[in-house]
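Participant: First the structure, which I've put down as C-alpha cells, then a few questions once you've had a look.
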Amino acid sequence: MAIIPHEKSSCGGLTLHKIQTEKYKTTTVVMQFKSRLTEDTVTKRALLPYVLQSGTENYPSSKALRTELEKLYGATLGVDLAKKGDFHIMTFRMDFANEKFLSEDKPLLEKALGLFAEVVMNPKKVDGAFDSSIVDKEKRTLKQRIQSIYDDKMRYSNMRLTEEMFPNEAFGLHVYGVKDQIDGIDANNLFEYYEKVCNEDEVDLYIVGDLDEISIKDLVTDLFPFKERTQASTDITEKASLEVEEKEVKEEQEIKQGKLHMGFRSGISYADDAYYALQVFNGMFGGFSHSKLFRNVREKESLAYYAASRYESHKGLIIVMSGIEFKNYNKTVDIIKEQLTAMQNGDFNDGEMKQTKTMIRNQLLETVDDAKGMVELLYHGVVSQKLRSLEDWLDGIDAVTEEDIKKVAAQVKLDTVYFLKGEEA
C-alpha cells in the first residue's frame, strides 16, 4: 500500500493535487485556502466562505445555486473552517457523480468545476463590493455560531483552555473569530479582504476520483486564474514552547456538570520523528476506551462521566477533557496526573501497546477509505511541510517501542488546568 496515488502540479497561483482512484462512484473536489491566523483577519475569514457560497454573479442566491447543483445530478457543495497549528484554513468542497456512470455530452467534471469556480472566483457583487444583504445575513448567522459555543459547555471549556494556554498568541483565537468584531465588517471591507485572500493565500486544490483520461491541468488553470505567488511558502507552525509554569483557572456558570479540561505541551509536532510514538502514547493515555484515563478515571474510580485525551499535532498539544461532579475536582486532577506518571514510568504492557497500534491502524485505514479523509491526511503534509505516505504511517506506528513511548511521555508537561463549575459548588 503505497502513498495515495497523488500527482502534484503547479497551476498559476495554486497547487493542484490529482488523486486517481476507482474506489468511489463520485468525484470530490476540495479547495483549501491557508493563511496565518491573526486577530485582525480571523473574524472576516470566518465569515468569508459562507458569504461566497450564498450567491454568485450568475446564481445570485443560495436558492439559485442549489437549483444548479440539483441539475448536476444532485451535486453537493459545502464550506468549512479549521485551525491547524498557526494557520486558519478555509475549505470549499464539492461532490458530484462520476460521469462514467452517466450519459452526458459535456463532461460533468467540466460543468461541476465550472460551478465550483463560479462560487470561489465570481461572487455576487453590488457596486464593486459584496451584496450587503448577503453579508448582513451571514453576520447574524456567525453571531449565532459563536453563541452556540457558549451554550455547549464542552466546546466552551476547550475554547477557554486554549485562550488561557495561549493568551498572547494567535493560536489562542477561535476559528469562528471574535464576536465583538462582527459589527465592524461590511460589504466593502470584506470584499477587500477577499481580494487579498485571492492574491496572497496559499491555495491547494484536490481532485479525487476516476480521472484517468481527463486533462485537468488546463481546465483548472483557466477556471482559477489566481496570480502566481511570488515565493513558495516556507511558513510552518511554531511548536508550543515547553517553558511553562503550571496554572489553574476556575470559572463559574449555572451548570449541573463540571468540565475539567487540562492542557499539556509535548514539544512534538506532526513533522517530527517522534510523532508516531506520541500518537501511540496518546492512544494509551486517553485516546481510546481501553486507555488509562478511561479505565481509571471513569470506570475504576467512577469520577467522570467521560474522560479522554486528544493530540493537536501541529502545535504539539495533548488536551484532556472530562465531565465530573464539582466535589470530585481535586481527586480527578490527581488521578489524571497519576496516569501521566504511570505512562512515564512504563507502567503499561505489550497487550495495551498492541491494541492501541491496531486501533490507530484501523482508524487510518478508515480515514483513507473516504475521499474527504484522504484529502485531510494529505493536507496535513502541506501544513507541516512533511508529506507522509500511508505506508510511512503504518510502518511508523508499528515500529514504536516501549522506550519510545516512555521517552515522549517524559517530555509531556502540564500547562493549564481549567475547571468550569456550577455556582453552588
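Chain lettering (A, B, ...) mirrors the order of the C-alpha cells, residue numbering begins at 1 for each chain separately, and ligand numbering begins at 1 in order of display.
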With only C-alpha atoms as the counted atoms, please give the residues lying no more than 12 Å from Lys153 of chain A, apart from itself and same-chain residues fewer than 6 positions off, as a ChimeraX atom specification.
Facilitator: /A:147,159-161,251-261,321-323,419-422
Participant: Take the residues just selected and output them with N, CA and C atoms as a compact mmCIF listing (two decimals), in the first residue's frame.
Facilitator:
```
# COMPACT_ATOMS: atom_id res chain seq x y z
N GLN A 147 -22.30 32.08 19.49
CA GLN A 147 -23.15 31.90 20.68
C GLN A 147 -23.30 30.41 21.01
N MET A 159 -12.43 26.05 24.32
CA MET A 159 -12.06 27.38 23.85
C MET A 159 -11.35 28.16 24.96
N ARG A 160 -11.92 28.09 26.17
CA ARG A 160 -11.33 28.84 27.29
C ARG A 160 -9.94 28.30 27.66
N LEU A 161 -9.79 26.98 27.62
CA LEU A 161 -8.49 26.38 27.92
C LEU A 161 -7.43 26.89 26.93
N GLU A 251 -13.74 28.76 36.77
CA GLU A 251 -14.79 29.67 36.32
C GLU A 251 -16.13 29.11 36.77
N GLU A 252 -17.08 30.01 37.04
CA GLU A 252 -18.40 29.54 37.50
C GLU A 252 -19.50 29.94 36.52
N GLN A 253 -20.41 28.99 36.29
CA GLN A 253 -21.61 29.28 35.50
C GLN A 253 -22.73 28.42 36.05
N GLU A 254 -23.94 28.70 35.57
CA GLU A 254 -25.07 27.88 36.02
C GLU A 254 -25.06 26.57 35.24
N ILE A 255 -24.36 25.57 35.78
CA ILE A 255 -24.33 24.27 35.10
C ILE A 255 -24.48 23.16 36.12
N LYS A 256 -24.86 21.99 35.62
CA LYS A 256 -25.08 20.84 36.51
C LYS A 256 -23.85 19.94 36.59
N GLN A 257 -23.05 19.93 35.51
CA GLN A 257 -21.89 19.02 35.47
C GLN A 257 -20.62 19.84 35.26
N GLY A 258 -19.61 19.58 36.08
CA GLY A 258 -18.35 20.31 35.96
C GLY A 258 -17.57 19.86 34.73
N LYS A 259 -16.85 20.79 34.11
CA LYS A 259 -16.00 20.46 32.96
C LYS A 259 -14.55 20.70 33.38
N LEU A 260 -13.80 19.61 33.44
CA LEU A 260 -12.39 19.70 33.79
C LEU A 260 -11.58 19.42 32.53
N HIS A 261 -10.88 20.46 32.03
CA HIS A 261 -10.06 20.30 30.83
C HIS A 261 -8.62 20.67 31.19
N MET A 321 -10.00 15.99 28.41
CA MET A 321 -11.34 16.52 28.66
C MET A 321 -12.11 15.55 29.53
N SER A 322 -12.76 16.08 30.57
CA SER A 322 -13.60 15.19 31.38
C SER A 322 -14.78 15.97 31.95
N GLY A 323 -15.86 15.24 32.19
CA GLY A 323 -17.05 15.82 32.80
C GLY A 323 -17.20 15.20 34.18
N PHE A 419 -11.17 24.59 35.02
CA PHE A 419 -12.35 23.96 35.60
C PHE A 419 -13.55 24.89 35.54
N LEU A 420 -14.59 24.42 34.87
CA LEU A 420 -15.85 25.17 34.80
C LEU A 420 -16.81 24.49 35.76
N LYS A 421 -17.23 25.22 36.79
CA LYS A 421 -18.08 24.57 37.80
C LYS A 421 -19.39 25.35 37.98
N GLY A 422 -20.30 24.73 38.72
CA GLY A 422 -21.58 25.37 38.97
C GLY A 422 -21.46 26.41 40.09
```
Participant: Name all residues at most 8 Å from segment 294-304 of chain A (count only C-alpha atoms; drop same-chain ones fewer than 4 positions away) and give them as a VMD selection string.
Facilitator: chain A and resid 286 288 to 290 308 322 to 325 328 332 335 to 336
Participant: Output C-alpha atoms for every residue in that selection, as a tab-separated table (two decimals), in the first residue's frame.
Facilitator:
```tsv
chain	number	residue	atom	x	y	z
A	286	GLY	CA	-6.65	8.78	26.85
A	288	PHE	CA	-9.34	5.04	23.26
A	289	SER	CA	-11.77	3.18	25.51
A	290	HIS	CA	-9.02	0.87	26.80
A	308	ALA	CA	-10.47	11.32	27.10
A	322	SER	CA	-13.60	15.19	31.38
A	323	GLY	CA	-17.05	15.82	32.80
A	324	ILE	CA	-17.18	15.48	36.59
A	325	GLU	CA	-19.18	16.32	39.70
A	328	ASN	CA	-14.55	15.46	42.70
A	332	THR	CA	-9.79	13.80	39.48
A	335	ILE	CA	-5.68	10.77	39.22
A	336	ILE	CA	-5.17	12.29	35.74
```
Participant: Name the residues in contact with Phe33 of chain A at a cut-off of 12 Å, using only C-alpha atoms, excluding same-chain residues fewer than 5 positions from it; report them as a ChimeraX atom specification.
Facilitator: /A:13-15,45,48-49,79-84,87-93,120,194,196-206,226,379,382-383
Participant: Leaving out Val400 of chain A and any residue of its chain fewer than 4 positions from it, which residues lie within 12 Å of it when counting only C-alpha atoms, given as a list in words?
Facilitator: Asp273, Ala274, Tyr275, Tyr276, Ala277, Leu278, Gln279, Val280, Phe281, Asp350, Met353, Lys354, Thr356, Lys357, Trp393, Leu394, Asp395, Gly396, Asp404, Ile405, Lys406, Lys407 and Val408 of chain A
Participant: So, with only C-alpha atoms as the atoms that count, which of A:Phe264, A:Phe166, A:Tyr24, A:Phe130 lies closest to Glu99 of chain A?
Facilitator: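 Looking at the shortest contact to Glu99 of chain A, the residue is A:Tyr24.
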Participant: Which of these residues is nearest to Met359 of chain A, using only C-alpha atoms: A:Gly316, A:Gly346, A:Gly263, A:Gly283?
Facilitator: A:Gly283
Participant: Leaving out Ser266 of chain A and any residue of its chain fewer than 5 positions from it, which residues lie within 10 Å of it when counting only C-alpha atoms, given as a list in words?
Facilitator: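 Those residues are Lys239, Ala240, Ser241, Leu242, Leu278, Tyr311, Glu312, Ser313, Lys315, Gly316, Leu317, Ile318, Val408, Ala409, Ala410, Gln411, Val412, Lys413 and Leu414 of chain A.
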Participant: Could you tell me how far atom CA of Tyr150 of chain A sits from atom CA of Val417 of chain A, in Å to one decimal place?
Facilitator: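 Result for atom CA of Val417 of chain A versus atom CA of Tyr150 of chain A: 19.1 Å, one decimal.
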Participant: From a backbone DSSP assignment, name each residue in segment 355-416 of chain A labelled alpha helix (DSSP H), as a compact mmCIF listing (two decimals) with N, CA and C atoms, in the first residue's frame.
Facilitator:
```
# COMPACT_ATOMS: atom_id res chain seq x y z
N GLN A 355 -2.88 -3.37 21.20
CA GLN A 355 -4.28 -2.97 20.98
C GLN A 355 -4.35 -1.53 20.46
N THR A 356 -3.53 -0.66 21.04
CA THR A 356 -3.53 0.75 20.63
C THR A 356 -3.06 0.89 19.20
N LYS A 357 -2.00 0.18 18.84
CA LYS A 357 -1.48 0.25 17.47
C LYS A 357 -2.53 -0.25 16.47
N THR A 358 -3.21 -1.33 16.84
CA THR A 358 -4.25 -1.87 15.96
C THR A 358 -5.36 -0.84 15.74
N MET A 359 -5.74 -0.16 16.83
CA MET A 359 -6.83 0.82 16.72
C MET A 359 -6.42 2.03 15.89
N ILE A 360 -5.16 2.46 16.04
CA ILE A 360 -4.68 3.59 15.23
C ILE A 360 -4.64 3.18 13.76
N ARG A 361 -4.17 1.97 13.53
CA ARG A 361 -4.09 1.43 12.16
C ARG A 361 -5.49 1.39 11.52
N ASN A 362 -6.46 0.87 12.27
CA ASN A 362 -7.83 0.79 11.76
C ASN A 362 -8.41 2.18 11.47
N GLN A 363 -8.12 3.11 12.38
CA GLN A 363 -8.59 4.49 12.19
C GLN A 363 -8.02 5.08 10.90
N LEU A 364 -6.74 4.83 10.68
CA LEU A 364 -6.07 5.34 9.49
C LEU A 364 -6.68 4.78 8.22
N LEU A 365 -6.86 3.46 8.21
CA LEU A 365 -7.40 2.81 7.02
C LEU A 365 -8.83 3.27 6.76
N GLU A 366 -9.55 3.54 7.85
CA GLU A 366 -10.91 4.05 7.72
C GLU A 366 -10.90 5.46 7.14
N THR A 367 -9.92 6.26 7.58
CA THR A 367 -9.80 7.64 7.10
C THR A 367 -9.60 7.68 5.60
N ALA A 371 -13.00 9.89 0.59
CA ALA A 371 -12.25 10.90 -0.17
C ALA A 371 -11.89 12.10 0.71
N LYS A 372 -12.83 12.49 1.55
CA LYS A 372 -12.60 13.65 2.42
C LYS A 372 -11.44 13.37 3.40
N GLY A 373 -11.43 12.14 3.95
CA GLY A 373 -10.37 11.76 4.88
C GLY A 373 -9.02 11.70 4.19
N MET A 374 -9.05 11.23 2.94
CA MET A 374 -7.82 11.13 2.16
C MET A 374 -7.20 12.51 1.96
N VAL A 375 -8.05 13.47 1.61
CA VAL A 375 -7.57 14.85 1.40
C VAL A 375 -7.04 15.42 2.71
N GLU A 376 -7.77 15.17 3.77
CA GLU A 376 -7.38 15.65 5.10
C GLU A 376 -5.97 15.15 5.45
N LEU A 377 -5.73 13.88 5.20
CA LEU A 377 -4.43 13.28 5.51
C LEU A 377 -3.32 13.91 4.67
N LEU A 378 -3.60 14.09 3.38
CA LEU A 378 -2.60 14.70 2.50
C LEU A 378 -2.36 16.17 2.88
N TYR A 379 -3.42 16.84 3.32
CA TYR A 379 -3.28 18.27 3.60
C TYR A 379 -2.44 18.53 4.86
N HIS A 380 -2.44 17.59 5.80
CA HIS A 380 -1.54 17.71 6.95
C HIS A 380 -0.11 17.89 6.46
N GLY A 381 0.19 17.21 5.36
CA GLY A 381 1.53 17.29 4.78
C GLY A 381 1.85 18.68 4.26
N VAL A 382 0.83 19.38 3.74
CA VAL A 382 1.03 20.75 3.25
C VAL A 382 1.28 21.69 4.43
N VAL A 383 0.44 21.54 5.46
CA VAL A 383 0.53 22.45 6.61
C VAL A 383 1.86 22.28 7.35
N SER A 384 2.31 21.02 7.44
CA SER A 384 3.52 20.77 8.23
C SER A 384 4.77 20.72 7.36
N LEU A 390 0.93 6.65 3.33
CA LEU A 390 0.16 5.75 4.18
C LEU A 390 1.08 4.65 4.72
N GLU A 391 1.99 4.21 3.85
CA GLU A 391 2.96 3.19 4.24
C GLU A 391 3.84 3.68 5.40
N ASP A 392 4.34 4.93 5.26
CA ASP A 392 5.16 5.52 6.33
C ASP A 392 4.39 5.48 7.65
N TRP A 393 3.13 5.89 7.55
CA TRP A 393 2.28 5.93 8.74
C TRP A 393 2.19 4.57 9.40
N LEU A 394 1.77 3.59 8.60
CA LEU A 394 1.52 2.26 9.16
C LEU A 394 2.80 1.65 9.72
N ASP A 395 3.91 1.82 8.97
CA ASP A 395 5.19 1.30 9.44
C ASP A 395 5.66 2.06 10.67
N GLY A 396 5.45 3.37 10.63
CA GLY A 396 5.90 4.22 11.73
C GLY A 396 5.22 3.86 13.04
N ILE A 397 3.91 3.64 12.99
CA ILE A 397 3.15 3.26 14.20
C ILE A 397 3.61 1.88 14.69
N ASP A 398 3.79 1.00 13.71
CA ASP A 398 4.19 -0.37 14.01
C ASP A 398 5.54 -0.44 14.73
N GLU A 402 8.40 0.41 23.48
CA GLU A 402 8.09 0.85 24.85
C GLU A 402 8.99 2.02 25.24
N GLU A 403 10.27 1.94 24.86
CA GLU A 403 11.22 3.02 25.18
C GLU A 403 10.80 4.33 24.52
N ASP A 404 10.35 4.23 23.25
CA ASP A 404 9.90 5.43 22.52
C ASP A 404 8.76 6.11 23.26
N ILE A 405 7.85 5.29 23.77
CA ILE A 405 6.67 5.84 24.44
C ILE A 405 7.08 6.51 25.75
N LYS A 406 7.96 5.85 26.50
CA LYS A 406 8.42 6.44 27.77
C LYS A 406 9.15 7.76 27.50
N LYS A 407 9.90 7.78 26.42
CA LYS A 407 10.69 8.97 26.08
C LYS A 407 9.79 10.17 25.76
N VAL A 408 8.75 9.93 24.94
CA VAL A 408 7.86 11.07 24.62
C VAL A 408 7.01 11.44 25.84
N ALA A 409 6.62 10.44 26.63
CA ALA A 409 5.82 10.72 27.83
C ALA A 409 6.61 11.61 28.80
N ALA A 410 7.93 11.39 28.85
CA ALA A 410 8.77 12.17 29.78
C ALA A 410 8.77 13.65 29.41
N GLN A 411 8.50 13.93 28.13
CA GLN A 411 8.52 15.33 27.68
C GLN A 411 7.21 16.06 27.96
```
Participant: Could you tell me, as a ChimeraX atom specification, which residues of segment 226-380 of chain A DSSP assigns to strand (DSSP E) when given the backbone?
Facilitator: /A:247-253,258-265,304-312,317-324
Participant: List the spatial neighbours of Thr76 of chain A as a ChimeraX atom specification - criterion: any atom at most 7 Å away, only C-alpha atoms, same-chain residues fewer than 4 positions off excluded.
Facilitator: /A:69,94-96
Participant: Find, counting only C-alpha atoms, the residue in A:Val175, A:Val333, A:Ala187, A:Val320 that gets nearest to Asp86 of chain A.
Facilitator: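 Among A:Val175, A:Val333, A:Ala187, A:Val320, it is A:Val175 that comes nearest to Asp86 of chain A.
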Participant: Counting only C-alpha atoms, figure out which residue out of A:Thr401, A:Thr21, A:Ser132, A:Ser309 gets nearest to Asn349 of chain A.
Facilitator: A:Thr401
